[in-house]
>>> print(open('data_27.cif').read())   # mmCIF, C-alpha atoms
data_work
loop_
_atom_site.label_atom_id
_atom_site.label_comp_id
_atom_site.auth_asym_id
_atom_site.auth_seq_id
_atom_site.Cartn_x
_atom_site.Cartn_y
_atom_site.Cartn_z
CA MET A 268 -6.41 -6.81 6.96
CA LEU A 269 -8.01 -8.10 3.77
CA ASN A 270 -7.28 -11.43 2.16
CA ILE A 271 -8.37 -12.45 -1.33
CA GLY A 272 -11.70 -13.86 -0.06
CA LEU A 273 -12.77 -10.68 1.74
CA TYR A 274 -11.49 -8.53 -1.14
CA MET A 275 -13.56 -10.45 -3.67
CA ALA A 276 -16.62 -10.44 -1.39
CA GLN A 277 -16.42 -6.66 -1.13
CA ARG A 278 -15.92 -6.13 -4.88
CA LEU A 279 -18.64 -8.58 -5.89
CA SER A 280 -21.11 -7.13 -3.36
CA ALA A 281 -20.36 -3.68 -4.83
CA MET A 282 -21.17 -5.02 -8.30
CA VAL A 283 -24.49 -6.33 -6.98
CA MET A 284 -25.29 -3.06 -5.22
CA ALA A 285 -24.56 -0.73 -8.16
CA PRO A 286 -27.59 -1.63 -10.34
CA LEU A 287 -29.79 -2.07 -7.26
CA VAL A 288 -28.97 1.47 -6.05
CA LEU A 289 -29.87 2.84 -9.48
CA GLY A 290 -33.10 0.82 -9.42
CA HIS A 291 -33.89 2.06 -5.93
CA ILE A 292 -33.33 5.72 -6.94
CA ALA A 293 -35.53 5.22 -10.01
CA VAL A 294 -38.29 3.75 -7.82
CA MET A 295 -38.01 6.67 -5.36
CA ILE A 296 -38.28 9.23 -8.17
CA TYR A 297 -41.26 7.35 -9.63
CA ALA A 298 -42.99 7.16 -6.25
CA VAL A 299 -42.47 10.86 -5.50
CA GLN A 300 -43.36 12.05 -8.99
CA GLY A 301 -46.47 9.90 -9.08
CA GLY A 302 -47.47 11.03 -5.60
CA LEU A 303 -47.93 7.51 -4.29
CA SER A 304 -49.15 7.25 -0.71
CA THR A 305 -47.67 4.82 1.81
CA ALA A 306 -50.69 2.59 1.43
CA GLU A 307 -50.33 2.55 -2.34
CA ILE A 308 -46.61 1.66 -2.09
CA LEU A 309 -47.27 -1.14 0.41
CA ASP A 310 -50.08 -2.38 -1.81
CA ARG A 311 -47.52 -2.87 -4.58
CA THR A 312 -44.72 -4.36 -2.45
CA GLN A 313 -46.55 -6.65 -0.03
CA GLY A 314 -46.77 -10.18 -1.31
CA SER A 315 -44.39 -9.43 -4.16
CA VAL A 316 -41.59 -11.98 -4.59
CA TRP A 317 -39.77 -9.59 -6.95
CA TRP A 318 -39.59 -6.72 -4.45
CA PHE A 319 -38.52 -9.21 -1.79
CA LEU A 320 -35.68 -10.44 -4.03
CA PHE A 321 -34.77 -6.89 -5.11
CA TYR A 322 -34.38 -5.43 -1.61
CA GLY A 323 -33.38 -8.75 -0.02
CA SER A 324 -30.34 -9.06 -2.28
CA PHE A 325 -29.59 -5.39 -1.63
CA VAL A 326 -29.54 -6.01 2.14
CA LEU A 327 -27.30 -9.07 1.73
CA ALA A 328 -24.84 -7.10 -0.41
CA VAL A 329 -24.85 -4.13 1.99
CA ALA A 330 -24.24 -6.35 5.02
CA ALA A 331 -21.18 -7.94 3.40
CA HIS A 332 -19.83 -4.77 1.79
CA ALA A 333 -20.17 -2.44 4.76
CA ALA A 334 -18.89 -4.96 7.31
CA ILE A 335 -15.70 -5.56 5.29
CA GLY A 336 -15.20 -1.84 4.66
CA LEU A 337 -15.62 -0.95 8.33
CA ARG A 338 -13.29 -3.83 9.25
CA VAL A 339 -10.50 -2.19 7.26
CA ILE A 340 -11.15 1.26 8.76
CA LEU A 341 -11.31 -0.12 12.30
CA HIS A 342 -8.07 -2.07 11.86
CA GLU A 343 -6.14 0.83 10.36
CA MET A 344 -7.54 3.55 12.65
CA THR A 345 -7.73 1.73 15.99
CA GLY A 346 -5.30 -1.19 15.57
CA LEU A 347 -8.07 -3.70 16.34
CA ARG A 348 -6.93 -7.16 15.22
CA GLY A 349 -7.17 -10.89 15.82
CA ARG A 350 -10.32 -12.48 17.19
CA TRP A 351 -11.93 -9.19 18.18
CA LEU A 352 -11.62 -7.88 14.65
CA GLU A 353 -13.40 -11.02 13.39
CA VAL A 354 -16.11 -10.65 16.07
CA VAL A 355 -16.71 -6.97 15.25
CA THR A 356 -16.76 -7.67 11.49
CA CYS A 357 -19.33 -10.45 11.90
CA GLY A 358 -21.29 -8.34 14.42
CA ILE A 359 -21.60 -5.40 12.02
CA GLY A 360 -22.61 -7.72 9.19
CA MET A 361 -25.23 -9.49 11.31
CA LEU A 362 -26.61 -6.18 12.64
CA LEU A 363 -27.06 -4.80 9.13
CA LEU A 364 -28.53 -8.09 7.96
CA ILE A 365 -31.08 -8.20 10.78
CA MET A 366 -32.06 -4.51 10.52
CA GLY A 367 -32.28 -4.63 6.72
CA GLY A 368 -34.02 -8.01 6.77
CA ARG A 369 -36.69 -6.69 9.15
CA ALA A 370 -37.34 -3.72 6.87
CA VAL A 371 -37.58 -5.90 3.76
CA LEU A 372 -39.94 -8.35 5.46
CA ALA A 373 -42.08 -5.46 6.74
CA VAL A 374 -42.74 -4.09 3.26
CA THR A 375 -42.91 -7.31 1.27
CA PHE A 376 -44.85 -9.70 3.54
CA ALA A 377 -48.53 -9.10 3.81
CA MET B 122 31.68 30.36 -5.61
CA SER B 123 28.96 30.43 -3.02
CA ASP B 124 28.79 32.75 -0.08
CA ARG B 125 31.02 30.80 2.33
CA SER B 126 29.47 32.50 5.33
CA LYS B 127 25.96 31.30 4.54
CA LEU B 128 24.65 28.67 6.96
CA LEU B 129 21.89 26.10 6.77
CA GLU B 130 19.80 25.41 9.83
CA VAL B 131 19.54 21.62 9.98
CA SER B 132 17.53 19.79 12.62
CA VAL B 133 18.45 16.13 12.87
CA TRP B 134 16.67 13.36 14.78
CA ARG B 135 18.77 12.08 17.69
CA GLY B 136 17.79 9.15 19.83
CA MET B 137 17.41 5.41 20.13
CA GLY B 138 14.26 3.38 19.65
CA ASP B 139 11.10 5.35 20.42
CA GLU B 140 12.92 7.99 22.46
CA GLY B 141 14.49 11.05 20.93
CA ALA B 142 14.23 14.65 19.75
CA TYR B 143 15.44 16.91 16.97
CA GLU B 144 18.80 18.63 17.50
CA THR B 145 19.72 21.68 15.45
CA PHE B 146 23.08 22.19 13.73
CA GLN B 147 24.46 25.10 11.70
CA VAL B 148 25.95 23.68 8.50
CA PRO B 149 27.90 25.68 5.88
CA ALA B 150 25.93 26.02 2.64
CA ARG B 151 27.62 25.03 -0.63
CA ASP B 152 26.71 25.54 -4.27
CA ASN B 153 26.48 21.82 -4.92
CA GLN B 154 25.49 19.91 -1.83
CA THR B 155 23.36 16.84 -1.26
CA VAL B 156 21.41 16.07 1.89
CA LEU B 157 23.87 13.23 2.53
CA ASP B 158 26.73 15.78 2.31
CA VAL B 159 24.98 17.79 5.04
CA VAL B 160 24.59 14.74 7.29
CA SER B 161 28.21 13.72 6.66
CA TRP B 162 29.42 17.25 7.51
CA ILE B 163 27.59 17.12 10.83
CA GLN B 164 29.07 13.71 11.66
CA GLN B 165 32.60 14.69 10.59
CA SER B 166 32.71 18.31 11.85
CA ALA B 167 30.12 18.79 14.56
CA ASP B 168 29.16 15.56 16.31
CA PRO B 169 30.98 12.29 15.54
CA SER B 170 28.38 10.31 17.49
CA LEU B 171 25.71 10.93 14.82
CA THR B 172 24.62 7.58 13.40
CA TYR B 173 23.43 7.20 9.81
CA ARG B 174 23.81 4.75 6.96
CA TYR B 175 25.18 5.12 3.44
CA ALA B 176 27.42 3.24 1.03
CA CYS B 177 27.64 4.07 -2.67
CA ARG B 178 26.74 7.81 -2.72
CA VAL B 179 25.51 7.46 -6.33
CA GLY B 180 21.93 6.19 -5.97
CA MET B 181 22.58 2.51 -6.49
CA CYS B 182 22.78 0.82 -3.10
CA GLY B 183 19.57 2.08 -1.46
CA SER B 184 21.21 2.61 1.95
CA CYS B 185 20.88 6.32 2.60
CA ALA B 186 17.13 6.99 2.46
CA MET B 187 15.81 9.32 5.19
CA MET B 188 12.89 11.64 5.82
CA VAL B 189 13.81 15.12 4.55
CA ASN B 190 11.38 17.85 5.54
CA GLY B 191 8.79 15.13 6.12
CA VAL B 192 9.30 13.44 2.74
CA PRO B 193 11.15 10.14 2.17
CA ARG B 194 14.12 10.67 -0.16
CA TRP B 195 17.41 9.08 -1.23
CA THR B 196 19.69 11.60 0.40
CA CYS B 197 22.76 10.98 -1.81
CA ARG B 198 20.88 12.15 -4.91
CA THR B 199 18.80 14.90 -3.29
CA HIS B 200 20.25 18.37 -3.71
CA VAL B 201 19.75 20.60 -0.72
CA LYS B 202 18.63 23.49 -2.95
CA ARG B 203 15.66 21.44 -4.18
CA VAL B 204 14.31 20.68 -0.73
CA LEU B 205 15.37 23.62 1.44
CA ARG B 206 12.43 25.28 3.20
CA ASP B 207 13.10 28.82 4.49
CA GLY B 208 16.81 28.05 4.75
CA ALA B 209 16.13 25.02 6.97
CA LEU B 210 16.19 21.24 6.68
CA GLN B 211 14.63 18.65 8.95
CA ILE B 212 16.19 15.21 8.60
CA GLY B 213 14.79 12.14 10.33
CA PRO B 214 14.92 8.34 10.10
CA LEU B 215 12.65 6.59 7.58
CA ARG B 216 8.98 6.45 8.54
CA ASN B 217 7.20 3.12 9.19
CA LEU B 218 10.38 1.42 10.43
CA PRO B 219 11.83 1.05 13.94
CA VAL B 220 14.75 3.36 14.74
CA ILE B 221 18.08 1.80 15.70
CA LYS B 222 19.80 5.10 16.47
CA ASP B 223 19.53 8.65 15.12
CA LEU B 224 19.03 8.40 11.33
CA ALA B 225 19.59 4.65 11.01
CA ALA B 226 16.28 2.81 10.67
CA ASP B 227 15.99 -0.93 11.27
CA MET B 228 15.38 -2.40 7.80
CA ASP B 229 14.56 -5.92 9.05
CA PRO B 230 10.75 -5.58 8.80
CA PHE B 231 11.14 -4.30 5.23
CA PHE B 232 13.29 -7.25 4.10
CA ASP B 233 11.31 -9.79 6.14
CA LYS B 234 8.28 -8.78 4.10
CA TRP B 235 10.19 -9.37 0.87
CA ILE B 236 10.58 -12.97 2.01
CA ARG B 237 6.93 -13.20 3.13
CA ALA B 238 5.86 -11.91 -0.30
CA GLY B 239 7.72 -14.79 -1.94
CA GLY B 240 10.52 -12.58 -3.22
CA VAL B 241 12.78 -15.56 -3.81
CA HIS B 242 13.45 -16.87 -7.31
CA ARG B 243 12.06 -20.37 -7.70
CA PRO B 244 13.54 -21.59 -10.99
CA SER B 245 11.65 -23.90 -13.29
CA ARG B 246 14.84 -25.56 -14.62
CA SER B 247 17.95 -27.02 -13.06
CA ARG B 248 21.55 -26.27 -14.05
CA ASP B 249 21.50 -29.44 -16.17
CA ASP B 250 18.74 -28.11 -18.44
CA PRO B 251 19.50 -25.83 -21.39
CA ILE B 252 19.21 -22.11 -20.69
CA GLN B 253 15.68 -20.88 -21.25
CA GLN B 254 15.42 -18.29 -24.01
CA VAL B 255 13.39 -15.22 -23.02
CA PRO B 256 12.59 -12.83 -25.90
CA PRO B 257 13.13 -9.24 -24.69
CA ASP B 258 9.87 -8.15 -26.32
CA ASP B 259 7.80 -10.88 -24.63
CA PRO B 260 4.89 -9.01 -22.91
CA GLY B 261 5.62 -10.67 -19.54
CA ARG B 262 9.29 -9.74 -19.79
CA VAL B 263 8.41 -6.15 -20.68
CA GLU B 264 6.12 -5.97 -17.63
CA ALA B 265 8.73 -7.55 -15.33
CA ASN B 266 11.43 -5.18 -16.60
CA LYS B 267 9.43 -2.22 -15.29
CA GLY B 268 10.10 -3.27 -11.70
CA ILE B 269 13.56 -4.84 -11.65
CA GLU B 270 15.50 -1.64 -11.07
CA CYS B 271 14.28 -1.45 -7.47
CA ILE B 272 17.24 -0.68 -5.17
CA ASN B 273 15.43 -1.61 -1.92
CA CYS B 274 15.81 1.87 -0.48
CA SER B 275 12.45 1.60 1.33
CA VAL B 276 11.37 5.08 0.26
CA CYS B 277 8.07 3.65 -1.03
CA TYR B 278 7.59 1.73 2.23
CA ALA B 279 8.15 4.91 4.25
CA ALA B 280 5.77 6.86 2.00
CA CYS B 281 2.94 4.30 2.24
CA ASP B 282 0.03 5.30 4.46
CA THR B 283 -1.35 1.76 4.32
CA VAL B 284 1.84 0.45 5.93
CA ALA B 285 1.46 3.16 8.59
CA GLY B 286 -2.08 1.98 9.44
CA ASN B 287 -1.60 -1.73 8.86
CA PRO B 288 1.81 -3.00 10.05
CA ASP B 289 1.16 -6.45 8.56
CA TYR B 290 0.85 -5.02 5.04
CA LEU B 291 3.70 -6.27 2.85
CA GLY B 292 4.30 -2.86 1.30
CA PRO B 293 4.97 -1.63 -2.23
CA ALA B 294 8.55 -2.88 -2.77
CA ALA B 295 7.87 -6.48 -1.74
CA LEU B 296 4.69 -6.57 -3.82
CA GLN B 297 6.41 -5.10 -6.85
CA ARG B 298 9.06 -7.80 -6.52
CA ALA B 299 6.29 -10.42 -6.47
CA TRP B 300 4.80 -8.86 -9.63
CA THR B 301 8.14 -9.11 -11.47
CA LEU B 302 8.36 -12.80 -10.47
CA TYR B 303 4.76 -13.41 -11.56
CA ASN B 304 5.68 -12.08 -15.01
CA ASP B 305 9.00 -13.92 -15.19
CA ALA B 306 8.89 -16.73 -17.77
CA LYS B 307 11.48 -18.62 -15.73
CA VAL B 308 9.18 -18.89 -12.71
CA GLU B 309 7.17 -22.08 -12.98
CA ASP B 310 4.68 -21.88 -10.11
CA ARG B 311 3.03 -18.49 -10.56
CA GLN B 312 0.09 -19.49 -8.41
CA ALA B 313 2.53 -19.77 -5.49
CA VAL B 314 3.51 -16.13 -6.10
CA LEU B 315 -0.16 -15.07 -6.05
CA ASP B 316 -0.81 -17.14 -2.91
CA SER B 317 2.10 -15.39 -1.15
CA VAL B 318 0.52 -11.98 -1.73
CA SER B 319 -3.15 -12.94 -1.14
CA GLY B 320 -3.08 -13.40 2.63
CA ALA B 321 -4.09 -11.01 5.42
CA GLY B 322 -1.27 -8.51 4.72
CA GLY B 323 -1.27 -8.95 0.96
CA CYS B 324 -1.80 -6.78 -2.10
CA HIS B 325 -5.56 -6.48 -1.53
CA ASN B 326 -4.94 -4.11 1.38
CA CYS B 327 -3.54 -1.42 -0.94
CA HIS B 328 -5.80 1.66 -1.10
CA SER B 329 -4.24 2.81 -4.39
CA GLN B 330 -3.20 6.16 -2.89
CA GLY B 331 -0.06 6.04 -5.03
CA SER B 332 2.51 7.51 -2.62
CA CYS B 333 4.88 4.67 -3.60
CA THR B 334 4.90 5.68 -7.25
CA ARG B 335 4.93 9.39 -6.36
CA PHE B 336 8.07 9.13 -4.22
CA CYS B 337 10.05 6.26 -5.82
CA PRO B 338 13.46 7.83 -6.53
CA ASN B 339 14.02 5.47 -9.47
CA GLU B 340 10.67 6.48 -10.97
CA LEU B 341 9.31 2.93 -10.77
CA ASP B 342 5.59 2.29 -10.51
CA PRO B 343 4.76 -0.08 -7.60
CA LEU B 344 1.14 1.14 -7.67
CA SER B 345 0.60 -0.39 -11.12
CA ALA B 346 2.46 -3.55 -10.09
CA ILE B 347 0.09 -3.97 -7.11
CA ALA B 348 -2.91 -3.32 -9.37
CA GLY B 349 -1.56 -6.06 -11.64
CA LEU B 350 -1.36 -8.48 -8.72
CA LYS B 351 -4.95 -7.64 -7.74
CA ARG B 352 -6.18 -8.35 -11.27
CA ALA B 353 -4.18 -11.59 -11.55
CA SER B 354 -5.35 -12.85 -8.15
CA ALA B 355 -8.99 -11.98 -8.96
CA ARG B 356 -8.76 -14.01 -12.19
CA SER B 357 -7.16 -16.84 -10.25
CA PHE B 358 -9.99 -16.66 -7.68
CA PHE B 359 -12.59 -17.32 -10.41
CA ARG B 360 -10.49 -20.03 -12.10
CA ARG B 361 -10.19 -21.91 -8.82
CA GLY B 362 -13.95 -21.64 -8.29
CA GLU B 363 -14.69 -23.44 -11.57
#
>>> encode(input="data_27.cif", output="structure tokens")
Amino acid sequence: MLNIGLYMAQRLSAMVMAPLVLGHIAVMIYAVQGGLSTAEILDRTQGSVWWFLFYGSFVLAVAAHAAIGLRVILHEMTGLRGRWLEVVTCGIGMLLLIMGGRAVLAVTFA
Amino acid sequence: MSDRSKLLEVSVWRGMGDEGAYETFQVPARDNQTVLDVVSWIQQSADPSLTYRYACRVGMCGSCAMMVNGVPRWTCRTHVKRVLRDGALQIGPLRNLPVIKDLAADMDPFFDKWIRAGGVHRPSRSRDDPIQQVPPDDPGRVEANKGIECINCSVCYAACDTVAGNPDYLGPAALQRAWTLYNDAKVEDRQAVLDSVSGAGGCHNCHSQGSCTRFCPNELDPLSAIAGLKRASARSFFRRGE
């Protein structure tokens, strides 16, 4: 149940996510190795436009990528189609966007 | 000579539409015997009401494909000895297609998807124009040649798990046909070919599991043809965005 637009959105969002995942893992290793406390991490992220863009773009890519991937699984496994498939796809994307967006805002806005 | 007393235990799907069950027959084993020979023996010697489909018996017409021990095969070119499991055979109608009766599957959805995938030649010249020369070693011609020996047997369609989960999916044979047209120098509007396979049931639904290429009796490679369509449509997507 993929057309060219959804296919390209999923591939392009994967290309965005790949370097961001590597960056995220590198940051996690750095934070653990350096023994940074929560307060020290928030001190670095809050008010930072760069961390907002880094994790904000990650959330956008995840919302698109996961929603399209789950759309395919739901269609092939449950036979869901038509308007309900569109509603569920958009619902999953919006849910991930809102949850991820809240987390990004919480750590990047002072 | 073979042991004339040896028997094969053959269970054959009997029924119409969604209703039916396997019925077992004892069939004499022969040294050289195809699965189609077994089905024909049952129809001619045990139960004349058995319905199945065949024509050429030499692997050219694509009529006789069935599920043999759970695997889609062209039965006229499948030797029983190669597929026998504990002296038994299970023969059913092709997967992913409606059943008309017994072993005869309804091929309409398969051929309808050929049409939906744009599998019709749209020539770039009329009969009044000179014949277009196509060098045999032209890269597009070489690529198209890889797929033109398809006999429309629907083995790839029956083997495809994506078709099983997504009935709108055009399937490997129709998409391979589109790929040969895309590479055909005599086809003028190649974007139309890509548009035909870029909709909701198009090539982008393929999960690249490769059952089509694994089971194609003519050893064609629909998986690579579909990958080619994906690459071509992705390039077209960016070109259109410029």
>>> resolve_selection(input="data_27.cif", expression="the PyMOL selection byres ((chain B) within 8 of (chain A))", output="PDB file with C-alpha atoms, in the coordinates of the input")
ATOM      1  CA  THR B 283      -1.350   1.760   4.320  1.00  0.00           C
ATOM      2  CA  GLY B 286      -2.080   1.980   9.440  1.00  0.00           C
ATOM      3  CA  ASN B 287      -1.600  -1.730   8.860  1.00  0.00           C
ATOM      4  CA  ASP B 289       1.160  -6.450   8.560  1.00  0.00           C
ATOM      5  CA  TYR B 290       0.850  -5.020   5.040  1.00  0.00           C
ATOM      6  CA  SER B 319      -3.150 -12.940  -1.140  1.00  0.00           C
ATOM      7  CA  GLY B 320      -3.080 -13.400   2.630  1.00  0.00           C
ATOM      8  CA  ALA B 321      -4.090 -11.010   5.420  1.00  0.00           C
ATOM      9  CA  GLY B 322      -1.270  -8.510   4.720  1.00  0.00           C
ATOM     10  CA  GLY B 323      -1.270  -8.950   0.960  1.00  0.00           C
ATOM     11  CA  HIS B 325      -5.560  -6.480  -1.530  1.00  0.00           C
ATOM     12  CA  ASN B 326      -4.940  -4.110   1.380  1.00  0.00           C
ATOM     13  CA  SER B 354      -5.350 -12.850  -8.150  1.00  0.00           C
ATOM     14  CA  ALA B 355      -8.990 -11.980  -8.960  1.00  0.00           C
ATOM     15  CA  PHE B 358      -9.990 -16.660  -7.680  1.00  0.00           C
TER      16      PHE B 358
END
>>> atom_distance(input="data_27.cif", atom1="atom CA of Val299 of chain A", atom2="atom CA of Thr312 of chain A")
15.7 Å
>>> closest_residue(input="data_27.cif", among="A:Gly290, A:Gly358, A:Gly367, A:Gly314", to="Val326 of chain A", atoms="only C-alpha atoms")
A:Gly367
>>> closest_residue(input="data_27.cif", among="B:Ile236, B:Val255, B:Ala279, B:Val241", to="Val189 of chain B", atoms="only C-alpha atoms")
B:Ala279
>>> residues_around(input="data_27.cif", residues="Pro286 of chain A", least_positions_apart="6", cutoff="12 Å", atoms="only C-alpha atoms", output="MDAnalysis selection string")
chainID A and resid 280 292:293 321:322 324:325 328
>>> atom_distance(input="data_27.cif", atom1="atom CA of Ala142 of chain B", atom2="atom CA of Trp195 of chain B")
21.9 Å
>>> closest_residue(input="data_27.cif", among="B:Ser161, B:Gln154, B:Ser245, B:Ser170", to="His200 of chain B", atoms="all atoms listed in the file")
B:Gln154
>>> residues_around(input="data_27.cif", residues="segment 328-345 of chain B", least_positions_apart="3", cutoff="10 Å", atoms="all atoms listed in the file", output="ChimeraX atom specification")
/B:180-181,183,186,192-195,198-199,267-272,274-283,292-298,300,324-325,348-351
>>> resolve_selection(input="data_27.cif", expression="the PyMOL selection byres ((chain B and resi 221-229) around 8)", output="list of chain:residue names")
B:Val133, B:Trp134, B:Arg135, B:Gly136, B:Met137, B:Gly138, B:Leu171, B:Thr172, B:Tyr173, B:Arg174, B:Met187, B:Ile212, B:Gly213, B:Pro214, B:Leu215, B:Leu218, B:Pro219, B:Val220, B:Pro230, B:Phe231, B:Phe232, B:Asp233
>>> atom_distance(input="data_27.cif", atom1="atom CA of Ala276 of chain A", atom2="atom CA of Ala331 of chain A")
7.1 Å
>>> resolve_selection(input="data_27.cif", expression="the PyMOL selection byres ((chain A and resi 318) around 12)", output="list of chain:residue names")
A:Leu287, A:Gly290, A:His291, A:Val294, A:Ile308, A:Leu309, A:Asp310, A:Arg311, A:Thr312, A:Gln313, A:Gly314, A:Ser315, A:Val316, A:Trp317, A:Phe319, A:Leu320, A:Phe321, A:Tyr322, A:Gly323, A:Ser324, A:Phe325, A:Ala370, A:Val371, A:Leu372, A:Ala373, A:Val374, A:Thr375, A:Phe376
